[in-house]
Amino acid sequence: MTEQRIRREAVSEQLFTLLRDRILSGDLAAGVPLTAERELAAEFGVNRHAVREAVKRLQQARLVEVSHGGRTMVLDWRRTAGLDLALQLAHTERLSTSYDLRRDVLEMRASIGADAARLCAARCPDRTAAEIVSAAAAYINTGPDLTDLAAADVTWWRLIVEGSGNIAYLLAFNSLVGEGFTAGEVPTELRATELLDVAGHMKLAALIASRDEQGAEAAARALLARSVPVTPHTREPEGGTP
């Protein structure tokens, strides 16, 4: 039993984080019962209400499942959890050595962005296309500060993703920019090549305005791929291939 105790402020939130990390790291393996409420309360020196609230959060995150008999079973998070968890993974120390979250987040961003650009070229109203071109033209006069460029880039991409008409892409976009990529530990400086590619922004905007779906998809992928780290090989995550 651990000697660790947690602060009285936001007890259930802290307990959720500790249990989440045990599940993600494999200390609590998939398919086994979660430690009983009574034992968790004793281990961390908290009341059982705090434990119940933490378990409720785990259930909402699809890390555990409460059976009809009242037993709480640990789930295989690689098969059940969603995007909200992906944005927390970098804060789990043992997992951060097994997954390249920076690369994975930016690969997802490039894939979503490329298809969103294609759909935007096919679906967006002429007014939106004109706004995208105008925002790209304004981008020329932004910077050279990378923070300013990053903010302008988000505003421009929001027009494209909204123009795609795909609500799932828009919600994923909101999650990514809401975290500012900090969950994937992607400093703005590492996206400098992409952010400084004014010509790439202008080209993509023009392709969308001309309704060139394939051209827009290729240009978006080329632009966003500038920020994806190149790795010499892919390591298998701890616990095997998801």
# chains A, B, ... in the order shown; residues from 1 in each chain; ligands from 1

$ residues_around --residues "A:Ser12" --least-positions-apart "5" --cutoff "6 Å" --atoms "only C-alpha atoms" --output "ChimeraX atom specification"
/A:50,53-54

$ closest_atom_pairs --of "stretch 156-226 of chain A" --to "stretch 120-134 of chain A" --cutoff "8 Å" --atoms "only C-alpha atoms" --output "Markdown table"
| residue | atom | partner | partner_atom | distance |
| --- | --- | --- | --- | --- |
| A:Trp156 | CA | A:Ile132 | CA | 6.5 |
| A:Leu159 | CA | A:Ile132 | CA | 6.3 |
| A:Ile160 | CA | A:Cys120 | CA | 6.0 |
| A:Val161 | CA | A:Cys120 | CA | 7.1 |
| A:Glu162 | CA | A:Cys120 | CA | 7.9 |
| A:Gly163 | CA | A:Cys124 | CA | 4.7 |
| A:Ser164 | CA | A:Cys120 | CA | 3.9 |
| A:Gly165 | CA | A:Arg123 | CA | 7.1 |
| A:Met202 | CA | A:Val133 | CA | 7.2 |
| A:Ala205 | CA | A:Val133 | CA | 5.1 |
| A:Ala206 | CA | A:Val133 | CA | 6.5 |
| A:Leu207 | CA | A:Ala121 | CA | 7.4 |
| A:Ile208 | CA | A:Ala121 | CA | 4.3 |
| A:Ala209 | CA | A:Ala129 | CA | 5.1 |
| A:Ser210 | CA | A:Ala121 | CA | 7.5 |
| A:Arg211 | CA | A:Ala121 | CA | 4.6 |
| A:Asp212 | CA | A:Ala121 | CA | 6.2 |
| A:Glu213 | CA | A:Ala121 | CA | 5.3 |
| A:Ala216 | CA | A:Ala121 | CA | 6.9 |

$ write_last_selection --atoms "N, CA, C and O atoms" --output "short mmCIF file (atom, residue, chain, number, x, y, z; two decimals), in the first residue's frame"
data_model
loop_
_atom_site.label_atom_id
_atom_site.label_comp_id
_atom_site.auth_asym_id
_atom_site.auth_seq_id
_atom_site.Cartn_x
_atom_site.Cartn_y
_atom_site.Cartn_z
N TRP A 156 -7.50 31.08 -39.57
CA TRP A 156 -7.63 30.71 -40.99
C TRP A 156 -8.10 29.27 -41.13
O TRP A 156 -9.02 28.97 -41.90
N LEU A 159 -11.81 28.65 -40.51
CA LEU A 159 -12.66 28.91 -41.67
C LEU A 159 -12.72 27.68 -42.59
O LEU A 159 -13.79 27.32 -43.10
N ILE A 160 -11.58 27.04 -42.77
CA ILE A 160 -11.52 25.88 -43.66
C ILE A 160 -12.29 24.71 -43.06
O ILE A 160 -13.08 24.04 -43.75
N VAL A 161 -12.06 24.44 -41.78
CA VAL A 161 -12.73 23.29 -41.14
C VAL A 161 -14.23 23.53 -41.06
O VAL A 161 -15.03 22.63 -41.32
N GLU A 162 -14.64 24.74 -40.71
CA GLU A 162 -16.07 25.05 -40.70
C GLU A 162 -16.64 24.93 -42.11
O GLU A 162 -17.76 24.44 -42.30
N GLY A 163 -15.87 25.34 -43.11
CA GLY A 163 -16.31 25.25 -44.49
C GLY A 163 -16.44 23.83 -44.99
O GLY A 163 -17.15 23.58 -45.97
N SER A 164 -15.78 22.89 -44.30
CA SER A 164 -15.87 21.48 -44.72
C SER A 164 -17.26 20.91 -44.45
O SER A 164 -17.66 19.92 -45.07
N GLY A 165 -17.98 21.52 -43.51
CA GLY A 165 -19.30 21.03 -43.17
C GLY A 165 -19.29 19.74 -42.38
O GLY A 165 -20.33 19.10 -42.21
N MET A 202 -1.30 30.71 -49.20
CA MET A 202 -1.95 31.37 -50.34
C MET A 202 -2.38 30.34 -51.39
O MET A 202 -3.47 30.43 -51.96
N ALA A 205 -5.48 28.42 -50.20
CA ALA A 205 -6.67 29.26 -50.27
C ALA A 205 -7.17 29.38 -51.72
O ALA A 205 -8.38 29.30 -51.99
N ALA A 206 -6.24 29.55 -52.65
CA ALA A 206 -6.61 29.69 -54.07
C ALA A 206 -7.23 28.40 -54.60
O ALA A 206 -8.20 28.43 -55.38
N LEU A 207 -6.71 27.26 -54.18
CA LEU A 207 -7.23 25.97 -54.64
C LEU A 207 -8.65 25.74 -54.11
O LEU A 207 -9.51 25.20 -54.82
N ILE A 208 -8.88 26.14 -52.88
CA ILE A 208 -10.23 26.02 -52.32
C ILE A 208 -11.20 26.91 -53.08
O ILE A 208 -12.30 26.50 -53.46
N ALA A 209 -10.77 28.15 -53.35
CA ALA A 209 -11.62 29.10 -54.06
C ALA A 209 -11.93 28.65 -55.48
O ALA A 209 -13.02 28.92 -56.01
N SER A 210 -10.99 27.93 -56.09
CA SER A 210 -11.19 27.44 -57.46
C SER A 210 -11.91 26.09 -57.49
O SER A 210 -12.11 25.51 -58.55
N ARG A 211 -12.26 25.58 -56.31
CA ARG A 211 -13.00 24.32 -56.16
C ARG A 211 -12.21 23.11 -56.64
O ARG A 211 -12.77 22.13 -57.12
N ASP A 212 -10.89 23.18 -56.49
CA ASP A 212 -10.02 22.07 -56.85
C ASP A 212 -9.87 21.17 -55.63
O ASP A 212 -9.01 21.38 -54.78
N GLU A 213 -10.72 20.16 -55.53
CA GLU A 213 -10.76 19.32 -54.34
C GLU A 213 -9.46 18.55 -54.12
O GLU A 213 -8.88 18.56 -53.02
N ALA A 216 -6.56 20.92 -53.36
CA ALA A 216 -6.64 21.47 -52.01
C ALA A 216 -6.20 20.44 -50.98
O ALA A 216 -5.47 20.75 -50.02
#

$ residues_around --residues "stretch 75-85 of chain A" --least-positions-apart "3" --cutoff "6 Å" --atoms "only C-alpha atoms" --output "JSON list (two decimals) with N, CA, C and O atoms, in the first residue's frame"
[["chain", "number", "residue", "atom", "x", "y", "z"],
["A", 30, "ALA", "N", -6.09, -4.20, -17.94],
["A", 30, "ALA", "CA", -7.42, -4.40, -18.54],
["A", 30, "ALA", "C", -7.95, -5.78, -18.17],
["A", 30, "ALA", "O", -7.21, -6.77, -18.16],
["A", 62, "ARG", "N", -14.37, 6.17, -20.22],
["A", 62, "ARG", "CA", -14.37, 4.81, -20.77],
["A", 62, "ARG", "C", -13.08, 4.05, -20.45],
["A", 62, "ARG", "O", -12.54, 3.31, -21.27],
["A", 63, "LEU", "N", -12.64, 4.27, -19.22],
["A", 63, "LEU", "CA", -11.48, 3.54, -18.72],
["A", 63, "LEU", "C", -11.90, 2.37, -17.85],
["A", 63, "LEU", "O", -11.12, 1.42, -17.66],
["A", 64, "VAL", "N", -13.10, 2.45, -17.28],
["A", 64, "VAL", "CA", -13.65, 1.35, -16.49],
["A", 64, "VAL", "C", -15.11, 1.16, -16.87],
["A", 64, "VAL", "O", -15.74, 2.04, -17.47],
["A", 88, "GLN", "N", -4.47, 13.88, -23.06],
["A", 88, "GLN", "CA", -3.93, 13.83, -21.70],
["A", 88, "GLN", "C", -2.72, 12.90, -21.59],
["A", 88, "GLN", "O", -2.02, 12.92, -20.58],
["A", 242, "PRO", "N", -1.54, -1.66, -30.34],
["A", 242, "PRO", "CA", -2.93, -1.44, -29.97],
["A", 242, "PRO", "C", -3.84, -2.15, -30.94],
["A", 242, "PRO", "O", -3.57, -2.21, -32.13]]

$ residues_around --residues "A:Ala218" --least-positions-apart "2" --cutoff "12 Å" --atoms "only C-alpha atoms" --output "PDB file with all heavy atoms, in the first residue's frame"
ATOM      1  N   ALA A 110      -2.697  16.622 -39.547  1.00  0.00           N
ATOM      2  CA  ALA A 110      -2.455  16.693 -40.992  1.00  0.00           C
ATOM      3  C   ALA A 110      -3.514  15.921 -41.768  1.00  0.00           C
ATOM      4  O   ALA A 110      -3.978  16.375 -42.822  1.00  0.00           O
ATOM      5  CB  ALA A 110      -1.059  16.155 -41.310  1.00  0.00           C
ATOM      6  N   SER A 111      -3.912  14.772 -41.257  1.00  0.00           N
ATOM      7  CA  SER A 111      -4.913  13.965 -41.950  1.00  0.00           C
ATOM      8  C   SER A 111      -6.277  14.653 -41.950  1.00  0.00           C
ATOM      9  O   SER A 111      -6.955  14.723 -42.987  1.00  0.00           O
ATOM     10  CB  SER A 111      -5.027  12.585 -41.294  1.00  0.00           C
ATOM     11  OG  SER A 111      -3.835  11.855 -41.458  1.00  0.00           O
ATOM     12  N   GLY A 113      -6.844  17.863 -41.453  1.00  0.00           N
ATOM     13  CA  GLY A 113      -6.756  19.117 -42.206  1.00  0.00           C
ATOM     14  C   GLY A 113      -6.806  18.913 -43.705  1.00  0.00           C
ATOM     15  O   GLY A 113      -7.458  19.678 -44.432  1.00  0.00           O
ATOM     16  N   ALA A 114      -6.147  17.860 -44.188  1.00  0.00           N
ATOM     17  CA  ALA A 114      -6.130  17.594 -45.628  1.00  0.00           C
ATOM     18  C   ALA A 114      -7.528  17.260 -46.137  1.00  0.00           C
ATOM     19  O   ALA A 114      -7.976  17.783 -47.164  1.00  0.00           O
ATOM     20  CB  ALA A 114      -5.164  16.447 -45.943  1.00  0.00           C
ATOM     21  N   ASP A 115      -8.237  16.406 -45.404  1.00  0.00           N
ATOM     22  CA  ASP A 115      -9.576  16.043 -45.860  1.00  0.00           C
ATOM     23  C   ASP A 115     -10.556  17.190 -45.666  1.00  0.00           C
ATOM     24  O   ASP A 115     -11.469  17.382 -46.479  1.00  0.00           O
ATOM     25  CB  ASP A 115     -10.080  14.799 -45.134  1.00  0.00           C
ATOM     26  CG  ASP A 115     -11.230  14.130 -45.871  1.00  0.00           C
ATOM     27  OD1 ASP A 115     -11.079  13.862 -47.083  1.00  0.00           O
ATOM     28  OD2 ASP A 115     -12.292  13.914 -45.267  1.00  0.00           O
ATOM     29  N   ALA A 116     -10.374  17.973 -44.604  1.00  0.00           N
ATOM     30  CA  ALA A 116     -11.234  19.137 -44.399  1.00  0.00           C
ATOM     31  C   ALA A 116     -11.070  20.136 -45.544  1.00  0.00           C
ATOM     32  O   ALA A 116     -12.054  20.742 -46.000  1.00  0.00           O
ATOM     33  CB  ALA A 116     -10.911  19.801 -43.069  1.00  0.00           C
ATOM     34  N   ALA A 117      -9.840  20.304 -46.023  1.00  0.00           N
ATOM     35  CA  ALA A 117      -9.597  21.208 -47.151  1.00  0.00           C
ATOM     36  C   ALA A 117     -10.293  20.702 -48.410  1.00  0.00           C
ATOM     37  O   ALA A 117     -10.874  21.481 -49.179  1.00  0.00           O
ATOM     38  CB  ALA A 117      -8.097  21.361 -47.389  1.00  0.00           C
ATOM     39  N   ARG A 118     -10.226  19.379 -48.618  1.00  0.00           N
ATOM     40  CA  ARG A 118     -10.916  18.791 -49.776  1.00  0.00           C
ATOM     41  C   ARG A 118     -12.417  19.033 -49.706  1.00  0.00           C
ATOM     42  O   ARG A 118     -13.046  19.471 -50.687  1.00  0.00           O
ATOM     43  CB  ARG A 118     -10.638  17.279 -49.822  1.00  0.00           C
ATOM     44  CG  ARG A 118     -11.377  16.547 -50.945  1.00  0.00           C
ATOM     45  CD  ARG A 118     -11.165  15.043 -50.868  1.00  0.00           C
ATOM     46  NE  ARG A 118     -11.774  14.461 -49.673  1.00  0.00           N
ATOM     47  CZ  ARG A 118     -13.066  14.133 -49.585  1.00  0.00           C
ATOM     48  NH1 ARG A 118     -13.885  14.348 -50.627  1.00  0.00           N
ATOM     49  NH2 ARG A 118     -13.546  13.595 -48.483  1.00  0.00           N
ATOM     50  N   ALA A 121     -13.352  22.720 -50.284  1.00  0.00           N
ATOM     51  CA  ALA A 121     -13.359  23.079 -51.704  1.00  0.00           C
ATOM     52  C   ALA A 121     -14.638  22.608 -52.385  1.00  0.00           C
ATOM     53  O   ALA A 121     -15.151  23.255 -53.304  1.00  0.00           O
ATOM     54  CB  ALA A 121     -12.141  22.479 -52.398  1.00  0.00           C
ATOM     55  N   GLY A 200       2.479  28.679 -49.191  1.00  0.00           N
ATOM     56  CA  GLY A 200       1.660  27.487 -49.024  1.00  0.00           C
ATOM     57  C   GLY A 200       0.249  27.819 -48.589  1.00  0.00           C
ATOM     58  O   GLY A 200      -0.730  27.203 -49.037  1.00  0.00           O
ATOM     59  N   LYS A 203      -1.520  29.359 -51.636  1.00  0.00           N
ATOM     60  CA  LYS A 203      -1.833  28.332 -52.639  1.00  0.00           C
ATOM     61  C   LYS A 203      -3.062  27.539 -52.231  1.00  0.00           C
ATOM     62  O   LYS A 203      -3.974  27.301 -53.046  1.00  0.00           O
ATOM     63  CB  LYS A 203      -0.635  27.397 -52.803  1.00  0.00           C
ATOM     64  CG  LYS A 203      -0.886  26.256 -53.781  1.00  0.00           C
ATOM     65  CD  LYS A 203       0.337  25.341 -53.878  1.00  0.00           C
ATOM     66  CE  LYS A 203       0.081  24.178 -54.838  1.00  0.00           C
ATOM     67  NZ  LYS A 203       1.275  23.289 -54.932  1.00  0.00           N
ATOM     68  N   LEU A 204      -3.116  27.124 -50.966  1.00  0.00           N
ATOM     69  CA  LEU A 204      -4.254  26.344 -50.499  1.00  0.00           C
ATOM     70  C   LEU A 204      -5.542  27.160 -50.594  1.00  0.00           C
ATOM     71  O   LEU A 204      -6.579  26.642 -51.039  1.00  0.00           O
ATOM     72  CB  LEU A 204      -4.020  25.880 -49.064  1.00  0.00           C
ATOM     73  CG  LEU A 204      -5.181  25.141 -48.391  1.00  0.00           C
ATOM     74  CD1 LEU A 204      -5.662  23.975 -49.240  1.00  0.00           C
ATOM     75  CD2 LEU A 204      -4.761  24.672 -47.000  1.00  0.00           C
ATOM     76  N   LEU A 207      -6.706  27.261 -54.180  1.00  0.00           N
ATOM     77  CA  LEU A 207      -7.234  25.972 -54.641  1.00  0.00           C
ATOM     78  C   LEU A 207      -8.648  25.740 -54.111  1.00  0.00           C
ATOM     79  O   LEU A 207      -9.511  25.199 -54.816  1.00  0.00           O
ATOM     80  CB  LEU A 207      -6.303  24.843 -54.216  1.00  0.00           C
ATOM     81  CG  LEU A 207      -4.967  24.777 -54.972  1.00  0.00           C
ATOM     82  CD1 LEU A 207      -3.998  23.852 -54.259  1.00  0.00           C
ATOM     83  CD2 LEU A 207      -5.189  24.311 -56.413  1.00  0.00           C
ATOM     84  N   ILE A 208      -8.880  26.136 -52.880  1.00  0.00           N
ATOM     85  CA  ILE A 208     -10.230  26.016 -52.324  1.00  0.00           C
ATOM     86  C   ILE A 208     -11.197  26.915 -53.083  1.00  0.00           C
ATOM     87  O   ILE A 208     -12.301  26.503 -53.458  1.00  0.00           O
ATOM     88  CB  ILE A 208     -10.236  26.357 -50.821  1.00  0.00           C
ATOM     89  CG1 ILE A 208      -9.515  25.260 -50.026  1.00  0.00           C
ATOM     90  CG2 ILE A 208     -11.665  26.538 -50.302  1.00  0.00           C
ATOM     91  CD1 ILE A 208      -9.312  25.577 -48.561  1.00  0.00           C
ATOM     92  N   ASP A 212     -10.893  23.180 -56.488  1.00  0.00           N
ATOM     93  CA  ASP A 212     -10.021  22.067 -56.854  1.00  0.00           C
ATOM     94  C   ASP A 212      -9.874  21.167 -55.625  1.00  0.00           C
ATOM     95  O   ASP A 212      -9.007  21.384 -54.778  1.00  0.00           O
ATOM     96  CB  ASP A 212      -8.663  22.599 -57.308  1.00  0.00           C
ATOM     97  CG  ASP A 212      -7.726  21.495 -57.810  1.00  0.00           C
ATOM     98  OD1 ASP A 212      -7.979  20.307 -57.511  1.00  0.00           O
ATOM     99  OD2 ASP A 212      -6.747  21.831 -58.484  1.00  0.00           O
ATOM    100  N   GLU A 213     -10.723  20.156 -55.534  1.00  0.00           N
ATOM    101  CA  GLU A 213     -10.764  19.322 -54.335  1.00  0.00           C
ATOM    102  C   GLU A 213      -9.456  18.549 -54.116  1.00  0.00           C
ATOM    103  O   GLU A 213      -8.883  18.561 -53.019  1.00  0.00           O
ATOM    104  CB  GLU A 213     -11.931  18.336 -54.424  1.00  0.00           C
ATOM    105  CG  GLU A 213     -13.296  19.010 -54.505  1.00  0.00           C
ATOM    106  CD  GLU A 213     -14.405  18.007 -54.748  1.00  0.00           C
ATOM    107  OE1 GLU A 213     -14.341  16.883 -54.198  1.00  0.00           O
ATOM    108  OE2 GLU A 213     -15.343  18.336 -55.506  1.00  0.00           O
ATOM    109  N   GLN A 214      -8.988  17.868 -55.141  1.00  0.00           N
ATOM    110  CA  GLN A 214      -7.769  17.073 -55.002  1.00  0.00           C
ATOM    111  C   GLN A 214      -6.551  17.958 -54.778  1.00  0.00           C
ATOM    112  O   GLN A 214      -5.663  17.632 -53.988  1.00  0.00           O
ATOM    113  CB  GLN A 214      -7.575  16.193 -56.233  1.00  0.00           C
ATOM    114  CG  GLN A 214      -8.640  15.106 -56.376  1.00  0.00           C
ATOM    115  CD  GLN A 214      -8.371  14.191 -57.557  1.00  0.00           C
ATOM    116  OE1 GLN A 214      -7.568  14.500 -58.438  1.00  0.00           O
ATOM    117  NE2 GLN A 214      -9.042  13.047 -57.578  1.00  0.00           N
ATOM    118  N   GLY A 215      -6.513  19.087 -55.482  1.00  0.00           N
ATOM    119  CA  GLY A 215      -5.401  20.011 -55.304  1.00  0.00           C
ATOM    120  C   GLY A 215      -5.374  20.577 -53.903  1.00  0.00           C
ATOM    121  O   GLY A 215      -4.304  20.714 -53.287  1.00  0.00           O
ATOM    122  N   ALA A 216      -6.560  20.919 -53.363  1.00  0.00           N
ATOM    123  CA  ALA A 216      -6.643  21.466 -52.006  1.00  0.00           C
ATOM    124  C   ALA A 216      -6.200  20.436 -50.978  1.00  0.00           C
ATOM    125  O   ALA A 216      -5.470  20.754 -50.024  1.00  0.00           O
ATOM    126  CB  ALA A 216      -8.070  21.926 -51.719  1.00  0.00           C
ATOM    127  N   ALA A 220      -2.943  21.037 -48.659  1.00  0.00           N
ATOM    128  CA  ALA A 220      -3.116  21.070 -47.202  1.00  0.00           C
ATOM    129  C   ALA A 220      -2.215  20.042 -46.532  1.00  0.00           C
ATOM    130  O   ALA A 220      -1.568  20.322 -45.519  1.00  0.00           O
ATOM    131  CB  ALA A 220      -4.577  20.811 -46.852  1.00  0.00           C
ATOM    132  N   ARG A 221      -2.156  18.850 -47.111  1.00  0.00           N
ATOM    133  CA  ARG A 221      -1.310  17.807 -46.524  1.00  0.00           C
ATOM    134  C   ARG A 221       0.162  18.206 -46.574  1.00  0.00           C
ATOM    135  O   ARG A 221       0.910  18.011 -45.605  1.00  0.00           O
ATOM    136  CB  ARG A 221      -1.523  16.471 -47.242  1.00  0.00           C
ATOM    137  CG  ARG A 221      -0.848  15.298 -46.549  1.00  0.00           C
ATOM    138  CD  ARG A 221      -1.194  13.983 -47.229  1.00  0.00           C
ATOM    139  NE  ARG A 221      -2.615  13.691 -47.167  1.00  0.00           N
ATOM    140  CZ  ARG A 221      -3.222  13.165 -46.107  1.00  0.00           C
ATOM    141  NH1 ARG A 221      -2.524  12.895 -45.013  1.00  0.00           N
ATOM    142  NH2 ARG A 221      -4.523  12.911 -46.133  1.00  0.00           N
ATOM    143  N   ALA A 222       0.581  18.795 -47.689  1.00  0.00           N
ATOM    144  CA  ALA A 222       1.975  19.224 -47.813  1.00  0.00           C
ATOM    145  C   ALA A 222       2.308  20.316 -46.801  1.00  0.00           C
ATOM    146  O   ALA A 222       3.386  20.317 -46.201  1.00  0.00           O
ATOM    147  CB  ALA A 222       2.235  19.719 -49.232  1.00  0.00           C
ATOM    148  N   LEU A 223       1.371  21.245 -46.598  1.00  0.00           N
ATOM    149  CA  LEU A 223       1.595  22.341 -45.663  1.00  0.00           C
ATOM    150  C   LEU A 223       1.670  21.820 -44.227  1.00  0.00           C
ATOM    151  O   LEU A 223       2.610  22.140 -43.482  1.00  0.00           O
ATOM    152  CB  LEU A 223       0.470  23.368 -45.795  1.00  0.00           C
ATOM    153  CG  LEU A 223       0.525  24.579 -44.860  1.00  0.00           C
ATOM    154  CD1 LEU A 223       1.771  25.418 -45.133  1.00  0.00           C
ATOM    155  CD2 LEU A 223      -0.739  25.423 -45.020  1.00  0.00           C
ATOM    156  N   LEU A 224       0.689  21.008 -43.829  1.00  0.00           N
ATOM    157  CA  LEU A 224       0.638  20.521 -42.457  1.00  0.00           C
ATOM    158  C   LEU A 224       1.729  19.505 -42.156  1.00  0.00           C
ATOM    159  O   LEU A 224       2.185  19.387 -41.015  1.00  0.00           O
ATOM    160  CB  LEU A 224      -0.738  19.920 -42.183  1.00  0.00           C
ATOM    161  CG  LEU A 224      -1.909  20.907 -42.251  1.00  0.00           C
ATOM    162  CD1 LEU A 224      -3.234  20.169 -42.142  1.00  0.00           C
ATOM    163  CD2 LEU A 224      -1.795  21.963 -41.164  1.00  0.00           C
ATOM    164  N   ALA A 225       2.155  18.766 -43.172  1.00  0.00           N
ATOM    165  CA  ALA A 225       3.202  17.760 -42.971  1.00  0.00           C
ATOM    166  C   ALA A 225       4.539  18.396 -42.599  1.00  0.00           C
ATOM    167  O   ALA A 225       5.419  17.711 -42.064  1.00  0.00           O
ATOM    168  CB  ALA A 225       3.368  16.909 -44.231  1.00  0.00           C
TER     169      ALA A 225
END

$ atom_distance --atom1 "atom CA of A:Val51" --atom2 "atom CA of A:Glu37"
6.2 Å

$ closest_residue --among "A:Asp27, A:Asp104, A:Asp153, A:Glu43" --to "A:Arg191" --atoms "only C-alpha atoms"
A:Asp153

$ select_by_dssp --residues "stretch 3-174 of chain A" --states "strand (DSSP E or B)" --output "VMD selection string"
chain A and resid 33 64 to 66 72 to 74

$ closest_residue --among "A:Gln59, A:Ser227, A:Asn174, A:Asn166" --to "A:Leu19" --atoms "only C-alpha atoms"
A:Gln59

$ closest_residue --among "A:Pro229, A:His68, A:Leu89, A:Gly45" --to "A:Ser25" --atoms "only C-alpha atoms"
A:Leu89

$ residues_around --residues "A:Arg71" --least-positions-apart "5" --cutoff "12 Å" --atoms "only C-alpha atoms" --output "PyMOL selection string"
chain A and resi 31-37+55+64-66
